[in-house]
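Trainee: Just upload32.cif, nothing more (mmCIF, C-alpha atoms and all ligand atoms):
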```cif
data_final
#
loop_
_atom_site.label_atom_id
_atom_site.label_comp_id
_atom_site.auth_asym_id
_atom_site.auth_seq_id
_atom_site.Cartn_x
_atom_site.Cartn_y
_atom_site.Cartn_z
CA MET A 1 0.00 0.00 0.00
CA LYS A 2 1.25 3.50 -0.84
CA LYS A 3 2.61 5.23 2.25
CA GLU A 4 0.74 8.43 3.15
CA MET A 5 3.15 11.33 3.24
CA ILE A 6 2.74 13.87 6.00
CA ALA A 7 2.82 17.50 4.95
CA GLU A 8 6.33 18.42 6.09
CA GLU A 9 7.86 15.68 3.97
CA MET A 10 6.33 17.29 0.93
CA PHE A 11 7.83 20.72 1.50
CA ALA A 12 10.69 21.89 -0.70
CA SER A 13 13.90 22.55 1.19
CA ARG A 14 13.80 26.22 0.24
CA LEU A 15 11.06 26.66 2.84
CA ASP A 16 13.66 25.98 5.55
CA ASP A 17 15.14 29.45 5.04
CA ILE A 18 11.83 31.28 4.92
CA PRO A 19 10.13 32.21 8.19
CA PHE A 20 6.54 33.33 8.60
CA SER A 21 6.53 37.10 8.87
CA GLY A 22 6.93 38.54 12.37
CA ILE A 23 4.68 41.41 11.29
CA ARG A 24 1.76 39.04 10.61
CA LYS A 25 1.97 37.89 14.25
CA VAL A 26 1.34 41.48 15.38
CA PHE A 27 -1.69 41.71 13.11
CA ASP A 28 -3.07 38.50 14.65
CA LYS A 29 -2.56 39.90 18.15
CA VAL A 30 -4.31 43.16 17.21
CA ARG A 31 -7.28 41.23 15.88
CA GLU A 32 -7.44 39.17 19.08
CA LEU A 33 -7.40 42.25 21.33
CA GLU A 34 -9.98 44.09 19.23
CA ALA A 35 -12.24 41.03 19.35
CA GLU A 36 -12.06 41.34 23.16
CA GLY A 37 -13.23 44.95 22.78
CA ARG A 38 -9.87 46.54 23.63
CA GLU A 39 -8.76 49.78 22.02
CA VAL A 40 -5.56 49.51 20.00
CA ILE A 41 -3.08 52.15 18.78
CA HIS A 42 -2.30 51.02 15.22
CA TRP A 43 1.41 51.74 14.93
CA GLN A 44 2.07 48.41 13.23
CA VAL A 45 0.61 49.12 9.80
CA GLY A 46 3.06 49.70 6.94
CA ARG A 47 0.53 51.25 4.60
CA PRO A 48 -1.28 54.59 4.35
CA ASP A 49 -4.60 54.98 6.15
CA PHE A 50 -5.92 57.15 3.28
CA ASP A 51 -8.33 56.01 0.58
CA THR A 52 -7.14 55.71 -3.04
CA PRO A 53 -7.79 59.10 -4.75
CA GLN A 54 -11.16 59.16 -6.51
CA HIS A 55 -9.87 60.01 -10.01
CA ILE A 56 -7.74 56.83 -9.95
CA LYS A 57 -10.71 54.68 -8.93
CA ASP A 58 -12.89 56.33 -11.60
CA ALA A 59 -10.33 55.63 -14.34
CA ALA A 60 -10.13 51.95 -13.34
CA ILE A 61 -13.93 51.62 -13.21
CA GLU A 62 -14.33 53.32 -16.60
CA ALA A 63 -11.69 51.02 -18.10
CA MET A 64 -13.46 47.97 -16.74
CA ASN A 65 -16.81 49.18 -18.09
CA ARG A 66 -15.42 49.80 -21.55
CA GLY A 67 -14.11 46.25 -21.69
CA GLU A 68 -10.46 46.46 -20.62
CA VAL A 69 -10.81 43.03 -19.08
CA HIS A 70 -8.36 40.94 -21.09
CA TYR A 71 -4.62 40.21 -20.82
CA SER A 72 -2.29 43.13 -21.33
CA PRO A 73 1.24 42.75 -22.73
CA ASN A 74 3.62 41.10 -20.20
CA LEU A 75 5.40 44.44 -19.84
CA GLY A 76 2.16 46.28 -19.00
CA ILE A 77 0.01 48.68 -21.05
CA LEU A 78 2.00 51.18 -23.08
CA PRO A 79 0.53 54.40 -21.61
CA LEU A 80 1.46 53.21 -18.13
CA ARG A 81 5.01 52.28 -19.13
CA LYS A 82 5.40 55.67 -20.78
CA ALA A 83 4.12 57.38 -17.63
CA ILE A 84 6.55 55.36 -15.50
CA GLY A 85 9.38 56.47 -17.79
CA VAL A 86 8.38 60.13 -17.48
CA ARG A 87 8.05 59.87 -13.70
CA THR A 88 11.41 58.14 -13.28
CA GLU A 89 13.13 60.70 -15.49
CA LEU A 90 11.57 63.51 -13.43
CA ASP A 91 12.65 61.88 -10.16
CA THR A 92 16.19 60.92 -11.15
CA GLY A 93 17.17 63.34 -13.93
CA VAL A 94 18.24 60.35 -16.06
CA PRO A 95 16.61 59.81 -19.50
CA VAL A 96 14.33 56.75 -19.35
CA ASN A 97 12.40 55.12 -22.17
CA GLY A 98 9.45 53.65 -20.27
CA GLU A 99 8.38 51.65 -23.31
CA THR A 100 11.46 49.39 -23.22
CA GLN A 101 12.87 49.97 -19.74
CA SER A 102 9.94 49.37 -17.42
CA ILE A 103 7.73 46.48 -16.41
CA VAL A 104 4.43 46.91 -14.59
CA MET A 105 4.42 44.45 -11.69
CA SER A 106 1.90 43.05 -9.22
CA GLY A 107 3.33 45.23 -6.48
CA ALA A 108 6.92 46.19 -5.83
CA ASN A 109 7.22 42.78 -4.22
CA GLU A 110 6.85 41.01 -7.56
CA GLY A 111 9.44 43.39 -9.00
CA ILE A 112 11.91 42.29 -6.33
CA LEU A 113 11.08 38.59 -6.77
CA ALA A 114 11.30 38.68 -10.58
CA SER A 115 14.60 40.60 -10.41
CA MET A 116 16.16 38.13 -7.97
CA LEU A 117 14.98 35.16 -10.05
CA ALA A 118 16.39 36.80 -13.17
CA PHE A 119 19.87 37.55 -11.78
CA VAL A 120 20.65 35.24 -8.87
CA ASN A 121 22.30 31.89 -9.50
CA PRO A 122 22.37 29.24 -6.76
CA GLY A 123 25.18 30.17 -4.38
CA ASP A 124 25.36 33.83 -5.43
CA GLU A 125 25.66 36.27 -2.57
CA VAL A 126 23.32 39.22 -2.30
CA LEU A 127 24.12 42.10 0.04
CA VAL A 128 21.14 43.35 2.02
CA THR A 129 21.16 46.01 4.68
CA ASP A 130 20.35 45.15 8.27
CA PRO A 131 17.85 46.20 9.53
CA ASN A 132 15.72 46.01 6.43
CA TRP A 133 12.27 45.03 5.23
CA HIS A 134 12.37 41.31 6.02
CA HIS A 135 11.13 40.22 2.55
CA TYR A 136 14.55 40.81 1.03
CA LYS A 137 16.34 37.99 2.82
CA SER A 138 13.53 35.52 2.11
CA ILE A 139 13.29 36.47 -1.56
CA VAL A 140 17.05 36.02 -1.99
CA SER A 141 16.68 32.55 -0.43
CA ILE A 142 13.76 31.68 -2.70
CA ALA A 143 15.98 32.54 -5.66
CA GLY A 144 18.66 30.16 -4.33
CA GLY A 145 21.05 32.92 -3.28
CA THR A 146 22.64 33.67 0.05
CA PRO A 147 21.69 36.94 1.75
CA ILE A 148 24.68 38.67 3.33
CA GLU A 149 23.75 41.31 5.87
CA ILE A 150 25.44 44.67 6.11
CA PRO A 151 24.93 46.00 9.63
CA THR A 152 23.93 49.65 10.04
CA THR A 153 23.50 51.59 13.25
CA ALA A 154 21.40 54.40 14.65
CA GLU A 155 24.60 56.29 15.57
CA ASP A 156 25.41 56.52 11.84
CA GLY A 157 21.81 57.47 11.05
CA PHE A 158 21.51 54.02 9.38
CA MET A 159 23.72 55.15 6.48
CA ILE A 160 25.50 52.19 4.83
CA LYS A 161 29.19 52.35 5.68
CA PRO A 162 31.22 51.67 2.50
CA GLU A 163 33.84 49.73 4.47
CA GLU A 164 31.13 47.40 5.85
CA VAL A 165 30.05 46.66 2.28
CA GLU A 166 33.58 46.29 0.99
CA LYS A 167 34.59 43.74 3.59
CA ARG A 168 31.65 41.46 2.73
CA ILE A 169 32.31 41.34 -0.99
CA THR A 170 33.57 37.99 -2.30
CA ASP A 171 33.86 36.54 -5.79
CA LYS A 172 30.29 35.29 -5.31
CA THR A 173 28.76 38.71 -4.64
CA LYS A 174 26.36 39.72 -7.37
CA ILE A 175 23.83 42.26 -6.11
CA LEU A 176 23.68 45.06 -3.58
CA CYS A 177 20.16 45.85 -2.33
CA ILE A 178 19.39 49.24 -0.88
CA THR A 179 16.12 50.75 0.31
CA SER A 180 15.87 54.50 0.72
CA PRO A 181 13.85 55.88 2.43
CA GLY A 182 14.13 52.77 4.53
CA ASN A 183 11.73 50.38 6.15
CA PRO A 184 11.90 50.04 9.22
CA THR A 185 14.12 53.05 9.92
CA GLY A 186 12.63 55.81 7.74
CA CYS A 187 16.21 56.86 7.09
CA VAL A 188 17.21 58.36 3.76
CA LEU A 189 20.63 57.57 2.28
CA SER A 190 22.49 60.82 1.56
CA LYS A 191 23.84 61.68 -1.90
CA GLU A 192 27.38 61.17 -0.55
CA ASN A 193 26.47 57.75 0.79
CA LEU A 194 24.89 56.75 -2.54
CA GLU A 195 27.97 57.95 -4.44
CA ALA A 196 30.26 55.88 -2.23
CA LEU A 197 28.07 52.81 -2.74
CA ALA A 198 27.94 53.43 -6.49
CA GLU A 199 31.73 53.57 -6.63
CA ILE A 200 31.92 50.14 -4.94
CA ALA A 201 29.22 48.68 -7.21
CA ILE A 202 31.04 49.85 -10.33
CA ARG A 203 34.49 48.71 -9.12
CA HIS A 204 33.18 45.22 -8.21
CA ASN A 205 30.79 44.96 -11.15
CA LEU A 206 27.67 44.54 -8.96
CA LEU A 207 24.05 45.02 -9.87
CA VAL A 208 22.11 47.28 -7.52
CA ILE A 209 18.47 46.78 -6.60
CA SER A 210 17.30 50.17 -5.42
CA ASP A 211 13.96 50.05 -3.62
CA GLU A 212 12.46 53.51 -3.96
CA ILE A 213 8.89 52.73 -2.98
CA TYR A 214 8.95 55.51 -0.34
CA SER A 215 10.90 58.03 -2.44
CA ARG A 216 8.06 60.57 -2.59
CA ILE A 217 7.37 60.34 1.14
CA TYR A 218 10.37 62.49 1.88
CA PHE A 219 10.69 65.38 4.31
CA GLY A 220 13.95 66.85 2.99
CA GLU A 221 14.43 69.92 0.82
CA GLU A 222 13.81 68.30 -2.57
CA ARG A 223 10.55 66.88 -3.94
CA VAL A 224 11.94 63.35 -3.89
CA ALA A 225 14.65 61.41 -2.00
CA PRO A 226 17.98 61.03 -3.85
CA SER A 227 18.38 57.94 -6.06
CA ILE A 228 21.52 55.92 -6.82
CA TYR A 229 20.20 55.73 -10.40
CA SER A 230 21.22 59.40 -10.79
CA VAL A 231 24.89 58.70 -10.04
CA PRO A 232 26.86 58.59 -13.33
CA GLY A 233 27.53 55.01 -14.47
CA MET A 234 24.71 53.53 -12.38
CA ALA A 235 21.77 53.54 -14.82
CA GLU A 236 23.17 50.51 -16.63
CA ARG A 237 23.54 48.40 -13.47
CA THR A 238 20.59 49.51 -11.31
CA ILE A 239 17.11 48.05 -11.09
CA ILE A 240 14.72 50.55 -9.56
CA ILE A 241 11.83 49.06 -7.61
CA ASN A 242 8.87 51.34 -7.09
CA GLY A 243 5.09 51.19 -6.83
CA PHE A 244 1.69 52.64 -6.11
CA SER A 245 1.00 51.06 -2.70
CA LYS A 246 2.36 53.83 -0.51
CA ILE A 247 2.19 57.05 -2.42
CA TYR A 248 -1.22 56.61 -4.02
CA ALA A 249 -2.62 54.53 -1.13
CA MET A 250 -3.16 51.59 -3.49
CA ASP A 251 -1.61 48.67 -1.58
CA GLY A 252 -4.63 46.43 -2.14
CA TRP A 253 -4.50 47.05 -5.90
CA ARG A 254 -1.13 45.23 -6.08
CA LEU A 255 0.64 47.48 -8.51
CA GLY A 256 4.33 48.32 -8.81
CA TRP A 257 7.08 48.59 -11.39
CA THR A 258 10.72 48.02 -12.25
CA VAL A 259 12.91 50.38 -14.24
CA ALA A 260 16.25 49.18 -15.56
CA SER A 261 18.30 49.26 -18.76
CA GLU A 262 16.65 47.66 -21.77
CA LYS A 263 18.97 44.64 -21.49
CA LEU A 264 18.28 44.02 -17.81
CA THR A 265 14.56 44.58 -18.40
CA ARG A 266 14.53 41.81 -21.05
CA GLY A 267 15.95 39.42 -18.42
CA ILE A 268 13.37 40.36 -15.81
CA LEU A 269 10.63 40.06 -18.44
CA LYS A 270 11.57 36.43 -19.10
CA ILE A 271 10.68 35.58 -15.50
CA ARG A 272 7.70 37.88 -15.45
CA GLN A 273 5.96 36.12 -18.32
CA TYR A 274 5.79 33.00 -16.12
CA THR A 275 4.85 34.59 -12.77
CA THR A 276 1.70 36.71 -12.90
CA VAL A 277 1.82 37.24 -16.71
CA CYS A 278 0.46 40.77 -16.36
CA VAL A 279 -1.31 43.00 -13.86
CA ASN A 280 -5.14 43.24 -14.14
CA THR A 281 -5.63 45.40 -17.20
CA PHE A 282 -8.32 47.81 -15.92
CA ILE A 283 -6.25 48.44 -12.82
CA GLN A 284 -3.34 49.56 -14.98
CA HIS A 285 -5.62 52.21 -16.51
CA GLY A 286 -6.37 53.52 -13.03
CA ALA A 287 -2.63 53.73 -12.43
CA VAL A 288 -2.14 55.85 -15.57
CA ALA A 289 -4.57 58.38 -14.07
CA GLY A 290 -2.50 58.27 -10.87
CA LEU A 291 0.85 59.01 -12.51
CA THR A 292 -0.34 61.48 -15.14
CA GLY A 293 -3.12 63.23 -13.18
CA ASP A 294 -3.08 66.03 -10.65
CA GLN A 295 -0.48 65.26 -7.96
CA THR A 296 -2.15 67.40 -5.28
CA CYS A 297 -3.37 64.18 -3.66
CA VAL A 298 0.25 63.07 -3.21
CA ASP A 299 1.38 66.46 -1.89
CA ASP A 300 -1.52 66.50 0.59
CA MET A 301 -0.71 63.01 1.84
CA VAL A 302 2.96 63.86 2.31
CA LYS A 303 1.99 67.06 4.21
CA GLU A 304 -0.22 64.99 6.48
CA PHE A 305 2.59 62.49 7.13
CA ALA A 306 4.92 65.41 7.92
CA LYS A 307 2.50 66.62 10.62
CA ARG A 308 2.32 63.18 12.18
CA ARG A 309 6.08 62.73 12.01
CA LYS A 310 6.50 65.96 13.97
CA ILE A 311 4.05 64.81 16.66
CA ILE A 312 5.76 61.42 16.97
CA LEU A 313 9.35 62.69 16.95
CA GLU A 314 8.63 65.49 19.44
CA GLY A 315 6.71 63.08 21.64
CA LEU A 316 9.43 60.41 21.60
CA ARG A 317 12.16 62.97 22.19
CA SER A 318 10.42 64.16 25.35
CA ILE A 319 10.96 60.68 26.85
CA PRO A 320 14.45 60.81 28.41
CA LYS A 321 15.41 57.13 28.08
CA LEU A 322 14.41 56.88 24.40
CA SER A 323 16.55 58.05 21.51
CA VAL A 324 15.39 58.29 17.92
CA SER A 325 17.05 59.24 14.62
CA ASP A 326 15.60 61.84 12.30
CA SER A 327 13.88 59.45 9.85
CA LEU A 328 13.64 61.79 6.89
CA GLY A 329 11.34 59.60 4.84
CA ALA A 330 8.66 56.89 4.68
CA PHE A 331 6.26 56.82 7.63
CA TYR A 332 8.41 55.00 10.14
CA VAL A 333 10.50 55.88 13.15
CA PHE A 334 12.76 53.37 14.82
CA PRO A 335 13.44 54.45 18.42
CA ASP A 336 16.14 52.84 20.54
CA ILE A 337 14.44 51.25 23.55
CA SER A 338 17.48 49.38 24.88
CA ALA A 339 17.77 51.58 28.01
CA TYR A 340 14.71 49.79 29.39
CA GLY A 341 16.54 46.46 29.64
CA LEU A 342 14.00 44.52 27.55
CA THR A 343 14.62 42.88 24.19
CA SER A 344 12.77 44.46 21.30
CA GLN A 345 10.33 41.54 21.21
CA GLU A 346 9.71 41.77 24.97
CA MET A 347 9.08 45.51 24.60
CA ALA A 348 6.71 45.05 21.65
CA ASP A 349 4.85 42.29 23.55
CA TYR A 350 4.62 44.45 26.69
CA LEU A 351 3.32 47.48 24.79
CA ILE A 352 0.59 45.61 22.98
CA GLN A 353 -0.45 43.31 25.79
CA GLU A 354 -0.53 45.84 28.62
CA TYR A 355 -1.27 49.11 26.80
CA GLY A 356 -2.71 48.15 23.40
CA ILE A 357 0.10 49.86 21.49
CA ALA A 358 0.86 47.78 18.38
CA THR A 359 4.45 48.15 17.16
CA VAL A 360 6.88 45.73 15.53
CA ALA A 361 9.99 44.44 17.32
CA GLY A 362 13.20 45.62 15.64
CA SER A 363 14.56 42.07 15.63
CA VAL A 364 11.97 41.19 12.96
CA PHE A 365 14.02 43.33 10.56
CA GLY A 366 17.41 41.76 11.32
CA THR A 367 20.05 41.45 14.03
CA SER A 368 20.92 45.14 13.95
CA GLY A 369 17.29 45.98 14.59
CA GLU A 370 17.55 44.56 18.12
CA GLY A 371 17.15 47.26 20.78
CA HIS A 372 14.58 49.12 18.64
CA ILE A 373 10.87 49.05 17.86
CA ARG A 374 9.26 50.18 14.61
CA ILE A 375 6.51 52.74 14.89
CA ALA A 376 4.49 53.34 11.71
CA TYR A 377 2.67 56.67 11.81
CA SER A 378 0.37 55.70 8.97
CA CYS A 379 -2.59 56.16 11.29
CA SER A 380 -4.65 59.30 12.07
CA THR A 381 -3.05 62.38 13.63
CA GLU A 382 -5.34 61.94 16.61
CA GLU A 383 -4.14 58.35 17.05
CA CYS A 384 -0.52 59.54 16.89
CA THR A 385 -1.12 62.08 19.67
CA ARG A 386 -2.98 59.57 21.83
CA GLY A 387 -0.33 56.94 21.12
CA VAL A 388 2.46 59.19 22.39
CA ALA A 389 0.56 59.83 25.64
CA VAL A 390 -0.09 56.11 26.21
CA LEU A 391 3.52 55.22 25.33
CA LYS A 392 4.78 57.70 27.93
CA GLU A 393 2.58 56.06 30.54
CA ALA A 394 3.69 52.56 29.49
CA LEU A 395 7.39 53.40 29.64
CA ALA A 396 7.07 55.33 32.90
CA ALA A 397 5.54 52.21 34.46
CA LEU A 398 8.67 50.23 33.56
CA LYS A 399 11.12 52.52 35.40
N1 LIG B 1 9.57 47.57 -0.48
C1 LIG B 1 9.48 48.02 0.79
C2 LIG B 1 10.67 48.63 1.41
C3 LIG B 1 8.27 47.93 1.49
O1 LIG B 1 8.20 48.40 2.74
C4 LIG B 1 7.15 47.34 0.86
C5 LIG B 1 5.81 47.20 1.56
N2 LIG B 1 5.80 47.11 2.91
C6 LIG B 1 7.31 46.87 -0.45
C7 LIG B 1 8.52 47.00 -1.09
C8 LIG B 1 6.19 46.15 -1.17
O2 LIG B 1 5.30 47.00 -1.76
P1 LIG B 1 4.12 46.47 -2.69
O3 LIG B 1 2.87 46.64 -1.91
O4 LIG B 1 4.16 47.39 -3.87
O5 LIG B 1 4.40 45.07 -3.06
#
```
If you took the structure in this file and wrote it as structure tokens, what would it be?

Mentor:
Amino acid sequence: MKKEMIAEEMFASRLDDIPFSGIRKVFDKVRELEAEGREVIHWQVGRPDFDTPQHIKDAAIEAMNRGEVHYSPNLGILPLRKAIGVRTELDTGVPVNGETQSIVMSGANEGILASMLAFVNPGDEVLVTDPNWHHYKSIVSIAGGTPIEIPTTAEDGFMIKPEEVEKRITDKTKILCITSPGNPTGCVLSKENLEALAEIAIRHNLLVISDEIYSRIYFGEERVAPSIYSVPGMAERTIIINGFSKIYAMDGWRLGWTVASEKLTRGILKIRQYTTVCVNTFIQHGAVAGLTGDQTCVDDMVKEFAKRRKIILEGLRSIPKLSVSDSLGAFYVFPDISAYGLTSQEMADYLIQEYGIATVAGSVFGTSGEGHIRIAYSCSTEECTRGVAVLKEALAALK
């Protein structure tokens, strides 16, 4: 008789290197507390609390009604690729032909996955910053590569030290991944830092995956955070990852893009044709309205985030035992809680269990994240103000 196999025996070995997300656990806990009728401060959510702007929804609905319900090209619809090209050129100052250099993806996440699958051979090493959005390490593992972490610290404002990169480069290193503004730190890599990293990438012939999904949520002088793509010599070796989730509040639409040289784009496209084939066609028409329409909605959202950032930073800085870096972008701050003598997980558990403050432990984002918690201020201004007051009470009780 055929032996019944139990589930674990069926799993591919690549699952061994992929954990369930630590962030999901927080969401489960929040749901549990809310089911008990407890009030929760939602500082765990890495997405805007705004609705998608109406003109984007209208364009998608109109497209659906006029019959845009069939496959689109694997690359995405032409007007959207052109708009992505125009936007990238505006943001980076580098000429981009969206028609041949961009692919519309089912979220930035698919852009990262397709890029890794296109360029990583088994055994290749991929440099990822630590702390970082935890998907990177898992996606490198899925592609058969080995993630190599580059530690960064709050003291250095989470800039990536060139010497820390240099000393981890071997003959197997293929890709350097950077995310700026960063998740979980909110830190923005300076132009000088990007130039130093570009110099290393060129000298060692590395590809760079530059995750710019938060580039417009930037509180510096310019309209957009600096991009490594703008550094001379980098356009040919950089894959920009970007998307609609954060800046147009469209995370549930699952819509992102890659921009890279025509040659690199052809490689990514090969994978893409076998993953999701294309993004829902009517949704892509909504996205065209987003990129080409009035950008007041984006400016207003960024202004609102700036207000909340001020409330959170001022609030955290009035707590003597906490320290927090500037976090010039995204909607995250990453305070150092180590003076309280708890691990980041213990602190996150304490805050949610005892005070209903949902945050994410820094350790979820890598070893260097230990000693910190991630606070996402993608909740209402009122919730930010209330959250600061409750946090003060919670930390005062620890003494
Ligand atoms: N990159 C970073 C740094 C992110 O924080 C996220 C979402 N949390 C993504 C990519 C994924 O975005 P998308 O919803 O477009 O897949």

Trainee: Return as a PyMOL selection string the residues of protein, DNA or RNA that approach ligand LIG 1 (chain B) to within 6 Å, with all atoms listed in the file taken into account.

Mentor: chain A and resi 46+107-109+133+179+183+211+213+243+245+251+254-256

Trainee: Name all residues at most 9 Å from A:Ile209 (count only C-alpha atoms; drop same-chain ones fewer than 5 positions away) and give them as JSON, numbers by chain.

Mentor: {"A": [112, 115, 175, 176, 177, 178, 179, 237, 238, 239, 240, 241]}

Trainee: Would you mind exporting the chosen residues as a PDB file, in the frame of the given file, restricted to C-alpha atoms?

Mentor:
```pdb
ATOM      1  CA  ILE A 112      11.910  42.290  -6.330  1.00  0.00           C
ATOM      2  CA  SER A 115      14.600  40.600 -10.410  1.00  0.00           C
ATOM      3  CA  ILE A 175      23.830  42.260  -6.110  1.00  0.00           C
ATOM      4  CA  LEU A 176      23.680  45.060  -3.580  1.00  0.00           C
ATOM      5  CA  CYS A 177      20.160  45.850  -2.330  1.00  0.00           C
ATOM      6  CA  ILE A 178      19.390  49.240  -0.880  1.00  0.00           C
ATOM      7  CA  THR A 179      16.120  50.750   0.310  1.00  0.00           C
ATOM      8  CA  ARG A 237      23.540  48.400 -13.470  1.00  0.00           C
ATOM      9  CA  THR A 238      20.590  49.510 -11.310  1.00  0.00           C
ATOM     10  CA  ILE A 239      17.110  48.050 -11.090  1.00  0.00           C
ATOM     11  CA  ILE A 240      14.720  50.550  -9.560  1.00  0.00           C
ATOM     12  CA  ILE A 241      11.830  49.060  -7.610  1.00  0.00           C
TER      13      ILE A 241
END
```

Trainee: Could you check the closest approach to A:Thr281 for each of A:Ile352, A:Ala60, A:Ile202, A:Ile18 and tell me which residue wins, using all atoms listed in the file?

Mentor: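 When distances to A:Thr281 are compared using all atoms listed in the file, the smallest one comes from A:Ala60.
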
Trainee: Atom CA of A:Ala306 and atom CA of A:Gly329 are how many Å apart?

Mentor: 9.2 Å

Trainee: Hey, which of A:Ile268, A:Val288, A:Leu322, A:Met301 ends up closest to A:Lys57? Count all atoms listed in the file.

Mentor: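 The closest residue to A:Lys57 is A:Val288.
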
Trainee: Taking only C-alpha atoms into account, name the residue in A:Gln295, A:Ser210, A:Thr88, A:Ser21 that is nearest to A:Tyr248.

Mentor: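 Distance minimum relative to A:Tyr248 lands on A:Gln295.
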
Trainee: Rank nothing, just name the residue among A:Ile311, A:Glu9, A:His42, A:Pro95 nearest to A:Ser261, using all atoms listed in the file.

Mentor: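 Going through A:Ile311, A:Glu9, A:His42, A:Pro95 one by one, the smallest distance to A:Ser261 is for A:Pro95.
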
Trainee: Could you model N, CA and C atoms for stretch 77-95 of chain A and present them as an mmCIF file, in the frame of the given file?

Mentor:
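And here is the file that came out, part_14.cif:
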```
data_model
loop_
_atom_site.group_PDB
_atom_site.id
_atom_site.type_symbol
_atom_site.label_atom_id
_atom_site.label_comp_id
_atom_site.auth_asym_id
_atom_site.auth_seq_id
_atom_site.Cartn_x
_atom_site.Cartn_y
_atom_site.Cartn_z
ATOM 1 N N ILE A 77 0.568 47.875 -19.943
ATOM 2 C CA ILE A 77 0.010 48.680 -21.050
ATOM 3 C C ILE A 77 0.968 49.829 -21.367
ATOM 4 N N LEU A 78 1.026 50.179 -22.640
ATOM 5 C CA LEU A 78 2.000 51.180 -23.080
ATOM 6 C C LEU A 78 1.851 52.543 -22.388
ATOM 7 N N PRO A 79 0.622 53.084 -22.266
ATOM 8 C CA PRO A 79 0.530 54.400 -21.610
ATOM 9 C C PRO A 79 1.088 54.399 -20.183
ATOM 10 N N LEU A 80 0.941 53.265 -19.507
ATOM 11 C CA LEU A 80 1.460 53.210 -18.130
ATOM 12 C C LEU A 80 2.984 53.141 -18.144
ATOM 13 N N ARG A 81 3.542 52.353 -19.050
ATOM 14 C CA ARG A 81 5.010 52.280 -19.130
ATOM 15 C C ARG A 81 5.592 53.637 -19.496
ATOM 16 N N LYS A 82 4.916 54.332 -20.409
ATOM 17 C CA LYS A 82 5.400 55.670 -20.780
ATOM 18 C C LYS A 82 5.353 56.603 -19.560
ATOM 19 N N ALA A 83 4.259 56.514 -18.809
ATOM 20 C CA ALA A 83 4.120 57.380 -17.630
ATOM 21 C C ALA A 83 5.181 57.044 -16.582
ATOM 22 N N ILE A 84 5.509 55.775 -16.452
ATOM 23 C CA ILE A 84 6.550 55.360 -15.500
ATOM 24 C C ILE A 84 7.897 55.936 -15.946
ATOM 25 N N GLY A 85 8.136 55.898 -17.256
ATOM 26 C CA GLY A 85 9.380 56.470 -17.790
ATOM 27 C C GLY A 85 9.478 57.959 -17.479
ATOM 28 N N VAL A 86 8.393 58.679 -17.732
ATOM 29 C CA VAL A 86 8.380 60.130 -17.480
ATOM 30 C C VAL A 86 8.612 60.407 -15.996
ATOM 31 N N ARG A 87 7.919 59.656 -15.137
ATOM 32 C CA ARG A 87 8.050 59.870 -13.700
ATOM 33 C C ARG A 87 9.480 59.581 -13.223
ATOM 34 N N THR A 88 10.060 58.506 -13.737
ATOM 35 C CA THR A 88 11.410 58.140 -13.280
ATOM 36 C C THR A 88 12.421 59.185 -13.743
ATOM 37 N N GLU A 89 12.229 59.666 -14.949
ATOM 38 C CA GLU A 89 13.130 60.700 -15.490
ATOM 39 C C GLU A 89 13.026 61.977 -14.635
ATOM 40 N N LEU A 90 11.802 62.322 -14.274
ATOM 41 C CA LEU A 90 11.570 63.510 -13.430
ATOM 42 C C LEU A 90 12.242 63.325 -12.062
ATOM 43 N N ASP A 91 12.128 62.129 -11.510
ATOM 44 C CA ASP A 91 12.650 61.880 -10.160
ATOM 45 C C ASP A 91 14.164 61.731 -10.117
ATOM 46 N N THR A 92 14.756 61.237 -11.205
ATOM 47 C CA THR A 92 16.190 60.920 -11.150
ATOM 48 C C THR A 92 17.042 61.820 -12.045
ATOM 49 N N GLY A 93 16.410 62.498 -12.997
ATOM 50 C CA GLY A 93 17.170 63.340 -13.930
ATOM 51 C C GLY A 93 17.875 62.513 -15.008
ATOM 52 N N VAL A 94 17.599 61.210 -15.067
ATOM 53 C CA VAL A 94 18.240 60.350 -16.060
ATOM 54 C C VAL A 94 17.206 60.027 -17.159
ATOM 55 N N PRO A 95 17.573 60.159 -18.454
ATOM 56 C CA PRO A 95 16.610 59.810 -19.500
ATOM 57 C C PRO A 95 16.174 58.350 -19.402
#
```
